[in-house]
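One file, entry_27.cif, carrying mmCIF, C-alpha atoms:
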```cif
data_entry
#
loop_
_atom_site.label_atom_id
_atom_site.label_comp_id
_atom_site.auth_asym_id
_atom_site.auth_seq_id
_atom_site.Cartn_x
_atom_site.Cartn_y
_atom_site.Cartn_z
CA MET J 1 -23.03 -29.15 6.13
CA LYS J 2 -20.32 -31.84 5.99
CA ILE J 3 -21.43 -34.63 3.69
CA VAL J 4 -19.34 -37.73 3.20
CA ILE J 5 -19.81 -40.33 0.49
CA ILE J 6 -18.24 -43.62 1.50
CA LYS J 7 -15.63 -44.74 -0.98
CA TYR J 8 -15.39 -48.44 -1.62
CA ASN J 9 -14.91 -50.66 -4.62
CA ALA J 10 -18.38 -50.14 -6.05
CA GLY J 11 -19.33 -48.54 -9.35
CA ASN J 12 -20.67 -45.17 -10.21
CA ILE J 13 -20.63 -42.83 -7.23
CA ARG J 14 -19.91 -39.75 -9.32
CA SER J 15 -23.60 -39.21 -10.08
CA VAL J 16 -24.38 -38.92 -6.35
CA THR J 17 -21.74 -36.19 -6.00
CA PHE J 18 -23.16 -34.33 -8.97
CA ALA J 19 -26.74 -34.60 -7.67
CA LEU J 20 -25.64 -33.03 -4.37
CA GLU J 21 -23.84 -30.27 -6.30
CA ARG J 22 -27.10 -29.48 -8.10
CA LEU J 23 -28.64 -28.98 -4.64
CA GLY J 24 -25.80 -26.63 -3.72
CA GLU J 25 -23.95 -29.10 -1.46
CA GLU J 26 -20.37 -30.31 -1.68
CA ALA J 27 -19.56 -33.84 -0.65
CA ILE J 28 -16.26 -35.54 -0.06
CA ILE J 29 -15.64 -39.10 -1.16
CA THR J 30 -13.55 -40.95 1.41
CA ASP J 31 -12.87 -44.22 3.21
CA ASP J 32 -11.24 -42.41 6.17
CA ALA J 33 -13.06 -43.57 9.31
CA ARG J 34 -12.38 -40.32 11.16
CA LEU J 35 -13.88 -38.16 8.42
CA ILE J 36 -16.87 -40.47 8.14
CA ARG J 37 -17.57 -40.31 11.89
CA GLN J 38 -17.31 -36.51 11.91
CA ALA J 39 -19.68 -35.92 8.99
CA ASP J 40 -23.16 -34.44 9.40
CA ARG J 41 -24.54 -36.76 6.74
CA VAL J 42 -23.15 -40.02 5.41
CA ILE J 43 -24.10 -41.46 2.04
CA PHE J 44 -23.41 -45.12 1.34
CA PRO J 45 -23.93 -45.62 -2.39
CA GLY J 46 -22.97 -48.48 -4.59
CA VAL J 47 -23.56 -50.51 -7.63
CA GLY J 48 -21.69 -53.76 -7.69
CA GLU J 49 -21.49 -57.19 -6.19
CA ALA J 50 -22.34 -57.82 -2.53
CA SER J 51 -19.58 -60.20 -1.35
CA SER J 52 -16.65 -58.23 -2.80
CA ALA J 53 -18.13 -54.99 -1.43
CA MET J 54 -18.48 -56.52 2.07
CA ARG J 55 -14.95 -57.92 1.92
CA TYR J 56 -13.60 -54.48 1.10
CA LEU J 57 -15.61 -52.84 3.91
CA ARG J 58 -14.31 -55.41 6.42
CA GLU J 59 -10.71 -55.03 5.27
CA LYS J 60 -10.95 -51.29 5.82
CA GLY J 61 -12.81 -51.71 9.13
CA LEU J 62 -15.66 -49.71 7.64
CA ASP J 63 -18.28 -52.31 8.62
CA GLU J 64 -17.88 -51.42 12.28
CA VAL J 65 -17.68 -47.71 11.53
CA LEU J 66 -20.92 -47.84 9.57
CA ARG J 67 -22.85 -49.83 12.18
CA ASN J 68 -21.93 -47.35 14.90
CA LEU J 69 -22.77 -44.09 13.14
CA ASP J 70 -25.41 -41.94 14.83
CA GLN J 71 -25.86 -39.17 12.25
CA PRO J 72 -28.33 -39.64 9.34
CA VAL J 73 -27.00 -42.26 6.93
CA LEU J 74 -28.43 -42.84 3.45
CA GLY J 75 -27.74 -46.12 1.67
CA ILE J 76 -28.46 -46.31 -2.03
CA CYS J 77 -29.07 -49.44 -4.14
CA LEU J 78 -26.34 -51.95 -3.16
CA GLY J 79 -25.92 -49.74 -0.08
CA LEU J 80 -29.44 -50.75 1.03
CA GLN J 81 -28.73 -54.41 0.44
CA LEU J 82 -25.46 -54.30 2.38
CA MET J 83 -27.28 -52.68 5.32
CA CYS J 84 -29.52 -55.77 5.56
CA LYS J 85 -28.42 -58.86 7.48
CA TYR J 86 -27.89 -61.30 4.63
CA SER J 87 -27.84 -61.34 0.82
CA GLN J 88 -28.37 -64.34 -1.42
CA GLU J 89 -25.85 -62.75 -3.78
CA SER J 90 -22.79 -64.99 -3.21
CA ASN J 91 -24.30 -65.95 0.21
CA THR J 92 -23.06 -62.78 1.82
CA HIS J 93 -23.40 -61.86 5.48
CA CYS J 94 -23.96 -58.12 5.44
CA LEU J 95 -23.97 -55.30 8.00
CA GLY J 96 -27.17 -56.34 9.76
CA ILE J 97 -28.45 -52.83 10.40
CA PHE J 98 -31.87 -53.80 9.01
CA PRO J 99 -33.36 -57.16 10.02
CA ALA J 100 -34.15 -58.05 6.40
CA THR J 101 -32.76 -60.53 3.93
CA VAL J 102 -31.98 -59.85 0.28
CA GLY J 103 -33.00 -62.27 -2.47
CA ARG J 104 -32.85 -62.39 -6.23
CA PHE J 105 -35.93 -61.75 -8.32
CA ASN J 106 -37.12 -65.17 -9.33
CA HIS J 107 -40.00 -64.85 -11.78
CA ASP J 108 -40.76 -64.52 -15.47
CA LEU J 109 -40.16 -60.78 -15.59
CA LYS J 110 -36.97 -59.35 -17.07
CA ILE J 111 -33.92 -59.11 -14.84
CA PRO J 112 -32.43 -56.64 -14.00
CA HIS J 113 -35.45 -54.60 -12.96
CA VAL J 114 -34.55 -51.46 -14.92
CA GLY J 115 -36.53 -48.28 -15.23
CA TRP J 116 -39.09 -46.08 -13.53
CA ASN J 117 -41.41 -47.73 -11.05
CA GLN J 118 -43.87 -46.43 -8.48
CA LEU J 119 -43.60 -46.01 -4.71
CA TYR J 120 -46.42 -46.99 -2.33
CA ASN J 121 -47.15 -46.93 1.40
CA LEU J 122 -44.84 -43.99 1.91
CA LYS J 123 -43.90 -43.39 5.54
CA GLY J 124 -41.61 -40.99 7.32
CA PRO J 125 -39.76 -37.78 6.58
CA LEU J 126 -37.81 -39.00 3.53
CA PHE J 127 -40.98 -38.78 1.46
CA ASN J 128 -42.33 -35.43 2.68
CA GLY J 129 -44.05 -33.64 -0.18
CA LEU J 130 -44.36 -36.74 -2.38
CA ASP J 131 -47.54 -38.48 -3.48
CA GLU J 132 -48.29 -42.18 -3.45
CA GLY J 133 -47.45 -43.57 -6.87
CA SER J 134 -44.45 -41.28 -7.46
CA PHE J 135 -42.00 -42.69 -9.98
CA VAL J 136 -38.33 -43.33 -9.21
CA TYR J 137 -35.51 -45.01 -11.13
CA PHE J 138 -34.43 -48.56 -10.28
CA VAL J 139 -31.60 -50.76 -11.60
CA HIS J 140 -31.18 -54.00 -9.66
CA SER J 141 -31.50 -57.78 -9.73
CA TYR J 142 -31.64 -58.36 -5.95
CA TYR J 143 -34.19 -56.88 -3.54
CA ALA J 144 -34.87 -56.66 0.20
CA GLU J 145 -38.07 -58.31 1.37
CA LEU J 146 -40.78 -56.24 3.05
CA ASN J 147 -40.14 -55.89 6.79
CA ASN J 148 -41.22 -53.88 9.83
CA HIS J 149 -38.90 -51.04 8.84
CA THR J 150 -40.01 -50.73 5.21
CA VAL J 151 -40.95 -47.06 4.63
CA ALA J 152 -41.77 -47.35 0.92
CA GLN J 153 -42.57 -50.31 -1.24
CA SER J 154 -42.60 -50.92 -4.95
CA ASP J 155 -43.81 -53.84 -7.01
CA TYR J 156 -41.98 -55.96 -9.57
CA GLY J 157 -43.73 -59.29 -9.85
CA HIS J 158 -44.36 -58.93 -6.11
CA PRO J 159 -43.94 -56.15 -3.53
CA PHE J 160 -40.46 -55.42 -2.19
CA SER J 161 -38.77 -52.78 -0.01
CA ALA J 162 -38.07 -49.63 -2.03
CA ALA J 163 -36.89 -47.86 1.13
CA ILE J 164 -36.07 -48.91 4.69
CA GLN J 165 -35.54 -46.79 7.78
CA TYR J 166 -34.33 -47.83 11.21
CA ASN J 167 -33.45 -44.99 13.60
CA ASN J 168 -30.85 -42.82 11.80
CA PHE J 169 -30.30 -45.34 9.02
CA ILE J 170 -32.26 -44.85 5.82
CA ALA J 171 -31.78 -46.59 2.52
CA THR J 172 -33.37 -46.63 -0.91
CA GLN J 173 -33.23 -49.43 -3.46
CA PHE J 174 -33.85 -46.87 -6.21
CA HIS J 175 -31.46 -44.12 -7.28
CA PRO J 176 -32.63 -40.71 -5.99
CA GLU J 177 -29.68 -39.12 -7.82
CA ARG J 178 -31.17 -40.33 -11.12
CA SER J 179 -34.88 -39.95 -10.31
CA GLY J 180 -35.55 -36.48 -11.69
CA LYS J 181 -37.41 -33.96 -9.54
CA THR J 182 -38.80 -36.68 -7.26
CA GLY J 183 -35.26 -37.81 -6.47
CA GLU J 184 -34.21 -34.24 -5.73
CA ILE J 185 -37.03 -33.90 -3.20
CA ILE J 186 -35.92 -37.15 -1.51
CA LEU J 187 -32.27 -36.01 -1.32
CA LYS J 188 -33.36 -32.61 0.06
CA ASN J 189 -35.51 -34.36 2.66
CA PHE J 190 -32.50 -36.47 3.70
CA LEU J 191 -30.32 -33.38 4.03
CA SER J 192 -32.91 -31.63 6.20
CA LEU J 193 -33.47 -34.54 8.62
CA MET K 1 -45.95 -50.85 -12.04
CA LEU K 2 -42.83 -50.56 -14.16
CA ALA K 3 -43.30 -47.87 -16.81
CA LYS K 4 -42.46 -48.18 -20.49
CA ARG K 5 -39.53 -45.88 -21.19
CA ILE K 6 -39.31 -43.13 -23.81
CA ILE K 7 -35.70 -42.44 -24.75
CA PRO K 8 -34.54 -39.58 -26.99
CA CYS K 9 -31.25 -40.40 -28.69
CA LEU K 10 -28.74 -37.66 -29.32
CA ASP K 11 -26.02 -38.26 -31.87
CA ILE K 12 -22.85 -36.35 -31.02
CA LYS K 13 -20.24 -35.20 -33.47
CA ASN K 14 -17.38 -32.96 -32.36
CA GLY K 15 -19.28 -32.12 -29.19
CA ARG K 16 -22.54 -31.12 -30.91
CA THR K 17 -25.82 -32.95 -31.38
CA VAL K 18 -26.61 -34.16 -34.88
CA LYS K 19 -29.13 -36.56 -36.35
CA GLY K 20 -28.27 -38.96 -39.11
CA ILE K 21 -31.06 -39.84 -41.51
CA ASN K 22 -30.42 -43.41 -42.65
CA PHE K 23 -27.00 -43.04 -41.02
CA GLU K 24 -26.11 -40.27 -43.53
CA ASN K 25 -27.02 -36.62 -44.34
CA ILE K 26 -26.16 -35.20 -40.95
CA THR K 27 -27.78 -31.97 -39.74
CA ASP K 28 -26.71 -30.09 -36.65
CA VAL K 29 -29.51 -29.66 -34.14
CA GLY K 30 -27.90 -28.34 -30.97
CA ASP K 31 -25.93 -28.49 -27.75
CA PRO K 32 -26.02 -31.97 -26.16
CA VAL K 33 -26.12 -30.82 -22.54
CA GLU K 34 -28.85 -28.22 -23.05
CA MET K 35 -30.90 -30.62 -25.15
CA GLY K 36 -30.52 -33.30 -22.50
CA ARG K 37 -31.71 -30.99 -19.76
CA LEU K 38 -34.66 -29.91 -21.86
CA TYR K 39 -35.64 -33.54 -22.51
CA ALA K 40 -35.33 -34.37 -18.80
CA GLU K 41 -37.64 -31.47 -17.94
CA GLN K 42 -40.09 -32.61 -20.59
CA GLY K 43 -40.32 -36.05 -19.01
CA ALA K 44 -37.90 -38.16 -21.05
CA ASP K 45 -37.14 -41.28 -18.99
CA GLU K 46 -33.57 -41.71 -20.07
CA LEU K 47 -31.20 -40.44 -22.76
CA VAL K 48 -28.79 -42.12 -25.10
CA TYR K 49 -25.77 -40.15 -26.33
CA LEU K 50 -24.03 -41.71 -29.29
CA ASP K 51 -20.67 -40.23 -30.28
CA ILE K 52 -20.22 -40.61 -34.02
CA THR K 53 -17.03 -38.52 -34.19
CA ALA K 54 -14.71 -40.42 -36.49
CA THR K 55 -11.37 -39.05 -35.28
CA HIS K 56 -9.33 -40.19 -32.31
CA GLU K 57 -9.87 -36.74 -30.78
CA LYS K 58 -12.95 -38.06 -29.05
CA ARG K 59 -10.86 -40.06 -26.61
CA LYS K 60 -10.17 -36.68 -25.07
CA THR K 61 -13.39 -34.83 -25.81
CA LEU K 62 -15.99 -37.50 -24.96
CA PRO K 63 -15.07 -37.96 -21.26
CA ALA K 64 -15.27 -34.19 -20.73
CA LEU K 65 -18.66 -34.05 -22.42
CA VAL K 66 -19.90 -37.03 -20.38
CA ARG K 67 -18.86 -35.22 -17.22
CA ARG K 68 -20.78 -32.09 -18.26
CA ILE K 69 -23.85 -34.17 -19.05
CA ALA K 70 -23.64 -36.04 -15.73
CA LYS K 71 -23.33 -32.79 -13.79
CA ASN K 72 -26.42 -31.32 -15.41
CA LEU K 73 -28.78 -34.25 -15.89
CA ASN K 74 -31.03 -35.75 -13.20
CA ILE K 75 -32.12 -38.80 -15.21
CA PRO K 76 -30.03 -41.77 -16.37
CA PHE K 77 -28.05 -41.66 -19.57
CA THR K 78 -26.21 -44.13 -21.76
CA VAL K 79 -23.10 -43.31 -23.75
CA GLY K 80 -22.17 -45.12 -26.94
CA GLY K 81 -19.68 -44.79 -29.71
CA GLY K 82 -16.62 -44.30 -27.56
CA VAL K 83 -15.90 -47.77 -26.29
CA SER K 84 -13.52 -50.14 -28.02
CA GLN K 85 -11.80 -51.52 -24.94
CA VAL K 86 -12.40 -51.88 -21.22
CA GLU K 87 -10.19 -48.88 -20.40
CA ASP K 88 -12.45 -46.58 -22.47
CA ALA K 89 -15.40 -47.79 -20.44
CA GLU K 90 -13.68 -47.07 -17.16
CA VAL K 91 -12.99 -43.45 -18.12
CA LEU K 92 -16.60 -42.85 -19.19
CA LEU K 93 -18.03 -44.44 -16.04
CA GLU K 94 -15.70 -42.43 -13.83
CA ASN K 95 -17.00 -39.30 -15.47
CA GLY K 96 -20.57 -40.17 -14.57
CA ALA K 97 -22.09 -42.26 -17.40
CA ASP K 98 -24.79 -44.57 -16.06
CA LYS K 99 -24.55 -47.13 -18.84
CA LEU K 100 -22.39 -47.82 -21.85
CA SER K 101 -23.61 -48.98 -25.18
CA ILE K 102 -21.25 -51.14 -27.20
CA ASN K 103 -21.87 -52.12 -30.80
CA SER K 104 -18.99 -52.84 -33.22
CA ALA K 105 -16.55 -53.58 -30.39
CA ALA K 106 -18.90 -56.23 -29.02
CA ILE K 107 -19.02 -58.03 -32.37
CA ARG K 108 -15.25 -57.81 -32.86
CA HIS K 109 -14.39 -58.83 -29.32
CA PRO K 110 -17.46 -60.40 -27.66
CA GLU K 111 -15.43 -61.02 -24.50
CA ILE K 112 -15.58 -57.26 -23.83
CA ILE K 113 -19.24 -57.74 -22.84
CA THR K 114 -18.23 -60.32 -20.23
CA LYS K 115 -15.33 -58.23 -18.96
CA LEU K 116 -17.45 -55.12 -18.55
CA ALA K 117 -20.30 -57.02 -16.90
CA GLN K 118 -17.95 -58.71 -14.43
CA ARG K 119 -16.16 -55.51 -13.60
CA TYR K 120 -19.07 -53.07 -13.40
CA GLY K 121 -22.22 -55.18 -13.39
CA SER K 122 -24.58 -56.08 -16.22
CA GLN K 123 -26.64 -52.96 -15.64
CA PHE K 124 -23.79 -50.90 -17.11
CA VAL K 125 -23.68 -52.82 -20.36
CA VAL K 126 -26.09 -52.11 -23.19
CA VAL K 127 -25.34 -54.08 -26.34
CA ALA K 128 -26.48 -52.08 -29.36
CA ILE K 129 -27.29 -54.06 -32.47
CA ASP K 130 -27.89 -52.60 -35.94
CA ALA K 131 -29.45 -55.14 -38.29
CA TYR K 132 -30.83 -55.21 -41.81
CA CYS K 133 -33.48 -57.65 -43.01
CA LYS K 134 -33.16 -59.18 -46.47
CA ASN K 135 -35.19 -62.18 -47.61
CA GLU K 136 -36.50 -62.60 -44.07
CA ASN K 137 -32.99 -62.93 -42.69
CA TRP K 138 -31.80 -60.31 -40.20
CA GLU K 139 -28.08 -59.65 -40.53
CA VAL K 140 -26.06 -57.66 -38.01
CA TYR K 141 -24.08 -54.66 -39.32
CA ILE K 142 -21.27 -52.74 -37.65
CA ASN K 143 -19.33 -49.52 -38.25
CA GLY K 144 -22.47 -47.37 -38.11
CA GLY K 145 -24.42 -49.67 -40.39
CA ARG K 146 -21.82 -49.79 -43.14
CA LYS K 147 -20.29 -53.22 -42.70
CA PRO K 148 -22.18 -56.52 -42.80
CA THR K 149 -20.93 -59.14 -40.35
CA GLY K 150 -22.63 -62.37 -41.39
CA ARG K 151 -24.03 -62.68 -37.86
CA GLU K 152 -27.73 -63.41 -37.47
CA LEU K 153 -29.61 -60.94 -35.27
CA PHE K 154 -31.45 -63.21 -32.83
CA SER K 155 -28.53 -65.53 -32.15
CA TRP K 156 -26.27 -62.54 -31.55
CA ALA K 157 -28.81 -61.04 -29.11
CA LYS K 158 -28.89 -64.38 -27.28
CA GLU K 159 -25.10 -64.52 -27.08
CA ALA K 160 -24.96 -60.91 -25.86
CA GLU K 161 -27.34 -61.76 -23.02
CA GLU K 162 -25.41 -64.90 -22.12
CA ARG K 163 -22.19 -62.89 -22.04
CA GLY K 164 -23.67 -60.50 -19.51
CA ALA K 165 -25.41 -57.65 -21.37
CA GLY K 166 -27.95 -55.86 -19.19
CA GLU K 167 -30.07 -54.51 -22.05
CA ILE K 168 -30.28 -54.77 -25.82
CA LEU K 169 -30.77 -51.75 -28.03
CA PHE K 170 -31.96 -53.02 -31.40
CA THR K 171 -32.04 -50.70 -34.42
CA SER K 172 -33.72 -51.91 -37.57
CA MET K 173 -31.84 -50.37 -40.48
CA ASN K 174 -34.82 -51.12 -42.72
CA HIS K 175 -37.01 -48.90 -40.55
CA ASP K 176 -34.52 -46.26 -39.37
CA GLY K 177 -35.31 -42.85 -40.86
CA THR K 178 -38.47 -44.03 -42.63
CA LYS K 179 -40.96 -42.82 -39.99
CA ASN K 180 -43.18 -45.75 -40.90
CA GLY K 181 -43.12 -47.41 -37.49
CA TYR K 182 -40.87 -49.78 -35.53
CA ALA K 183 -39.82 -53.27 -36.68
CA VAL K 184 -42.66 -54.74 -34.67
CA SER K 185 -42.47 -58.40 -35.63
CA ALA K 186 -38.70 -58.66 -35.06
CA LEU K 187 -39.05 -56.77 -31.77
CA LYS K 188 -41.88 -59.05 -30.68
CA LYS K 189 -39.69 -62.09 -31.22
CA MET K 190 -36.64 -60.57 -29.56
CA ALA K 191 -38.47 -59.23 -26.49
CA GLU K 192 -40.12 -62.61 -25.94
CA GLU K 193 -36.93 -64.60 -26.35
CA ARG K 194 -34.69 -62.46 -24.17
CA GLY K 195 -34.60 -62.30 -20.38
CA ILE K 196 -33.17 -58.77 -20.36
CA PRO K 197 -34.92 -55.53 -21.38
CA VAL K 198 -35.06 -54.63 -25.06
CA ILE K 199 -35.03 -51.06 -26.38
CA ALA K 200 -36.62 -50.52 -29.80
CA SER K 201 -35.00 -48.13 -32.25
CA GLY K 202 -35.67 -47.03 -35.81
CA GLY K 203 -38.87 -45.98 -37.54
CA ALA K 204 -40.84 -43.83 -35.11
CA GLY K 205 -42.81 -41.22 -37.03
CA LYS K 206 -46.18 -40.98 -35.28
CA LYS K 207 -47.48 -41.35 -31.72
CA GLU K 208 -49.43 -44.39 -32.88
CA HIS K 209 -46.16 -46.18 -33.64
CA PHE K 210 -45.23 -46.14 -29.95
CA LYS K 211 -48.68 -47.43 -29.01
CA THR K 212 -48.44 -50.29 -31.53
CA LEU K 213 -44.95 -51.15 -30.30
CA PHE K 214 -45.96 -51.38 -26.65
CA GLU K 215 -49.28 -53.11 -27.30
CA THR K 216 -47.97 -55.81 -29.60
CA THR K 217 -44.50 -56.50 -28.17
CA LYS K 218 -42.96 -56.89 -24.72
CA THR K 219 -40.36 -54.25 -25.59
CA GLU K 220 -39.54 -52.21 -22.46
CA ALA K 221 -38.45 -48.96 -24.07
CA ALA K 222 -38.67 -46.97 -27.28
CA LEU K 223 -35.89 -44.81 -28.64
CA ALA K 224 -36.25 -42.08 -31.24
CA ALA K 225 -34.32 -39.03 -32.37
CA SER K 226 -35.49 -36.73 -35.14
CA ILE K 227 -39.17 -36.67 -34.18
CA PHE K 228 -38.09 -35.31 -30.81
CA HIS K 229 -35.27 -33.06 -32.01
CA TYR K 230 -37.39 -31.31 -34.62
CA GLY K 231 -40.38 -31.03 -32.32
CA GLU K 232 -42.64 -33.18 -34.48
CA ILE K 233 -43.73 -35.22 -31.48
CA PRO K 234 -42.93 -33.46 -28.19
CA VAL K 235 -42.21 -35.89 -25.33
CA PRO K 236 -44.98 -34.58 -22.98
CA GLY K 237 -47.67 -34.93 -25.66
CA LEU K 238 -46.48 -38.43 -26.52
CA LYS K 239 -46.58 -39.56 -22.91
CA HIS K 240 -50.05 -38.16 -22.27
CA TYR K 241 -51.28 -39.83 -25.43
CA LEU K 242 -49.83 -43.20 -24.33
CA ALA K 243 -51.24 -42.82 -20.81
CA ASN K 244 -54.70 -42.11 -22.26
CA GLU K 245 -54.36 -45.20 -24.42
CA GLY K 246 -53.81 -47.28 -21.29
CA ILE K 247 -50.05 -47.76 -21.61
CA MET K 248 -48.06 -47.46 -18.39
CA VAL K 249 -45.78 -44.45 -18.71
CA ARG K 250 -44.32 -42.00 -16.21
CA VAL K 251 -46.28 -38.75 -16.50
#
```

Write-out of the structure in structure tokens:
Amino acid sequence: MKIVIIKYNAGNIRSVTFALERLGEEAIITDDARLIRQADRVIFPGVGEASSAMRYLREKGLDEVLRNLDQPVLGICLGLQLMCKYSQESNTHCLGIFPATVGRFNHDLKIPHVGWNQLYNLKGPLFNGLDEGSFVYFVHSYYAELNNHTVAQSDYGHPFSAAIQYNNFIATQFHPERSGKTGEIILKNFLSL
Amino acid sequence: MLAKRIIPCLDIKNGRTVKGINFENITDVGDPVEMGRLYAEQGADELVYLDITATHEKRKTLPALVRRIAKNLNIPFTVGGGVSQVEDAEVLLENGADKLSINSAAIRHPEIITKLAQRYGSQFVVVAIDAYCKNENWEVYINGGRKPTGRELFSWAKEAEERGAGEILFTSMNHDGTKNGYAVSALKKMAEERGIPVIASGGAGKKEHFKTLFETTKTEAALAASIFHYGEIPVPGLKHYLANEGIMVRV
């Protein structure tokens, strides 16, 4: 299986590569549009800041490439937020794949939301074999609101989208590559879509 | 609901895991990668690796070790002890570290916190603070607890947050190695004052100490070393105990 991890100016993508290696899969990290279009699976990771990430994607023409992919695509963390239509972080217009907006947690709880939190209202193939209440690892200050395409929610002060799916596009706010055995099941489910 | 985190800390010297009792009397307890994997399987929520190698050799050895850890571990881990400038951080992150803990370097050059947070995001930056309490005044120490700085603990924690730290790892030197429990009153104050998560360190000796910590403070995570390394309190037993006591943990 040809797996591509999209390279852009966003933090730690090494851990995604290593997680795939543990599942016996090799991935290439690239910003080459041709290689991305040809891949069987595309992973869009990212930890970083929304506006500079979007600027980079636009400069490379990767925004259009991403929107037009028809193979399974998995966004992770900032990847999920960039797949929404708009983020409050630096007032950024994002890819608009999901009809959701991204806001900043605005309550008395600690920010960033760091640690293991539970998933509820699990829907769809990404969560095959997992129970309601499964724990996954989150690190984020911004979140996507609940919407018609939310396939898992979590709660931090209020409910938010922990995962979103629209057609071939799936994204998780949490880090499956750092979520122990639960995360491995989710990555395997993505690879077998 | 967000779970309270249990974090084994592995001190690394020359590529091996050691545990310092009161920052001295080091005993070798094993291979860092294997121990990390074992802890992950046992249900540890996160790991902290602290490189206490004194020589400059670690500039070469630590990135390779971090890479090995990242390849083998499926939970997050923090690396400390190898960062004195932004370039060090970059190398460790590129090799797969999830977070970096900075201690002495942050006191010497506080702007490093800001630089790292701007470049990689606050979530990468854990500011570790060692402090000693004398006459009800908490003073920050650096160089592995050997050098007093004159800085007051709570104001330094506040500055660290304002400069962009994503978490604070607070070790009470009065409690570290005593196994008499965490510095609960200081942790209560810090966790209430700060808007970022606080990790408690120093003093865990019994399961009850974790319960007291989580029931009486808003601390998000508890770190310990020897009680885990020597099998005195296995992680699974600790987590089941806390769950039975009504504390939210991942089991």

- request: Counting only C-alpha atoms, figure out which residue out of K:Thr219, K:Asn72, K:Ser84, K:Ser185 gets nearest to Ala200 of chain K.
  value: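 When distances to Ala200 of chain K are compared using only C-alpha atoms, the smallest one comes from K:Thr219.
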
message: Can you pull out the residues contacting Ser201 of chain K? Cut-off 9 Å, using all atoms listed in the file, and skip same-chain residues under 5 positions away; I want them as a list of chain:residue names.
response: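 My list of contacting residues is K:Leu169, K:Phe170, K:Thr171, K:Ser172, K:His175, K:Asp176, K:Tyr182, K:Ala183, K:Ala221, K:Ala222, K:Leu223, K:Ala224.
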
Preceding selection exported with C-alpha atoms as a PDB file, in the frame of the given file:
```pdb
ATOM      1  CA  LEU K 169     -30.770 -51.750 -28.030  1.00  0.00           C
ATOM      2  CA  PHE K 170     -31.960 -53.020 -31.400  1.00  0.00           C
ATOM      3  CA  THR K 171     -32.040 -50.700 -34.420  1.00  0.00           C
ATOM      4  CA  SER K 172     -33.720 -51.910 -37.570  1.00  0.00           C
ATOM      5  CA  HIS K 175     -37.010 -48.900 -40.550  1.00  0.00           C
ATOM      6  CA  ASP K 176     -34.520 -46.260 -39.370  1.00  0.00           C
ATOM      7  CA  TYR K 182     -40.870 -49.780 -35.530  1.00  0.00           C
ATOM      8  CA  ALA K 183     -39.820 -53.270 -36.680  1.00  0.00           C
ATOM      9  CA  ALA K 221     -38.450 -48.960 -24.070  1.00  0.00           C
ATOM     10  CA  ALA K 222     -38.670 -46.970 -27.280  1.00  0.00           C
ATOM     11  CA  LEU K 223     -35.890 -44.810 -28.640  1.00  0.00           C
ATOM     12  CA  ALA K 224     -36.250 -42.080 -31.240  1.00  0.00           C
TER      13      ALA K 224
END
```

message: At a cut-off of 7 Å, which residues of chain K touch chain J? Count all atoms listed in the file and give the answer as a list in words.
response: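 Using all atoms listed in the file, chain K residues at most 7 Å from chain J: Met1, Leu2, Ala3, Ala70, Lys71, Asn74, Ile75, Pro76, Leu93, Glu94, Asn95, Gly96, Tyr120, Gly121, Gln123, Gly166, Gly195, Ile196, Pro197 and Arg250 of chain K.
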
If you keep C-alpha atoms, can you produce a file of those selected residues as a PDB file, in the coordinates of the input?
```pdb
ATOM      1  CA  MET K   1     -45.950 -50.850 -12.040  1.00  0.00           C
ATOM      2  CA  LEU K   2     -42.830 -50.560 -14.160  1.00  0.00           C
ATOM      3  CA  ALA K   3     -43.300 -47.870 -16.810  1.00  0.00           C
ATOM      4  CA  ALA K  70     -23.640 -36.040 -15.730  1.00  0.00           C
ATOM      5  CA  LYS K  71     -23.330 -32.790 -13.790  1.00  0.00           C
ATOM      6  CA  ASN K  74     -31.030 -35.750 -13.200  1.00  0.00           C
ATOM      7  CA  ILE K  75     -32.120 -38.800 -15.210  1.00  0.00           C
ATOM      8  CA  PRO K  76     -30.030 -41.770 -16.370  1.00  0.00           C
ATOM      9  CA  LEU K  93     -18.030 -44.440 -16.040  1.00  0.00           C
ATOM     10  CA  GLU K  94     -15.700 -42.430 -13.830  1.00  0.00           C
ATOM     11  CA  ASN K  95     -17.000 -39.300 -15.470  1.00  0.00           C
ATOM     12  CA  GLY K  96     -20.570 -40.170 -14.570  1.00  0.00           C
ATOM     13  CA  TYR K 120     -19.070 -53.070 -13.400  1.00  0.00           C
ATOM     14  CA  GLY K 121     -22.220 -55.180 -13.390  1.00  0.00           C
ATOM     15  CA  GLN K 123     -26.640 -52.960 -15.640  1.00  0.00           C
ATOM     16  CA  GLY K 166     -27.950 -55.860 -19.190  1.00  0.00           C
ATOM     17  CA  GLY K 195     -34.600 -62.300 -20.380  1.00  0.00           C
ATOM     18  CA  ILE K 196     -33.170 -58.770 -20.360  1.00  0.00           C
ATOM     19  CA  PRO K 197     -34.920 -55.530 -21.380  1.00  0.00           C
ATOM     20  CA  ARG K 250     -44.320 -42.000 -16.210  1.00  0.00           C
TER      21      ARG K 250
END
```

Segment 116-131 of chain K, all listed atoms, 6 Å padding on each side: what axis-aligned box centre and edge lengths in Å to one decimal come out, as lines of an AutoDock Vina configuration file?
```
center_x = -22.8
center_y = -54.8
center_z = -25.8
size_x = 25.3
size_y = 19.8
size_z = 36.9
```

message: Just the number, please: distance in Å from atom CA of Pro125 of chain J to atom CA of Arg37 of chain J, one decimal.
response: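 Answer for the atom CA of Pro125 of chain J to atom CA of Arg37 of chain J separation: 23.0 Å.
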
field: Pairwise distance for atom CA of Val151 of chain J and atom CA of Phe169 of chain J, rounded to one decimal in Å
entry: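 Atom CA of Phe169 of chain J lies at a distance of 11.6 Å from atom CA of Val151 of chain J.
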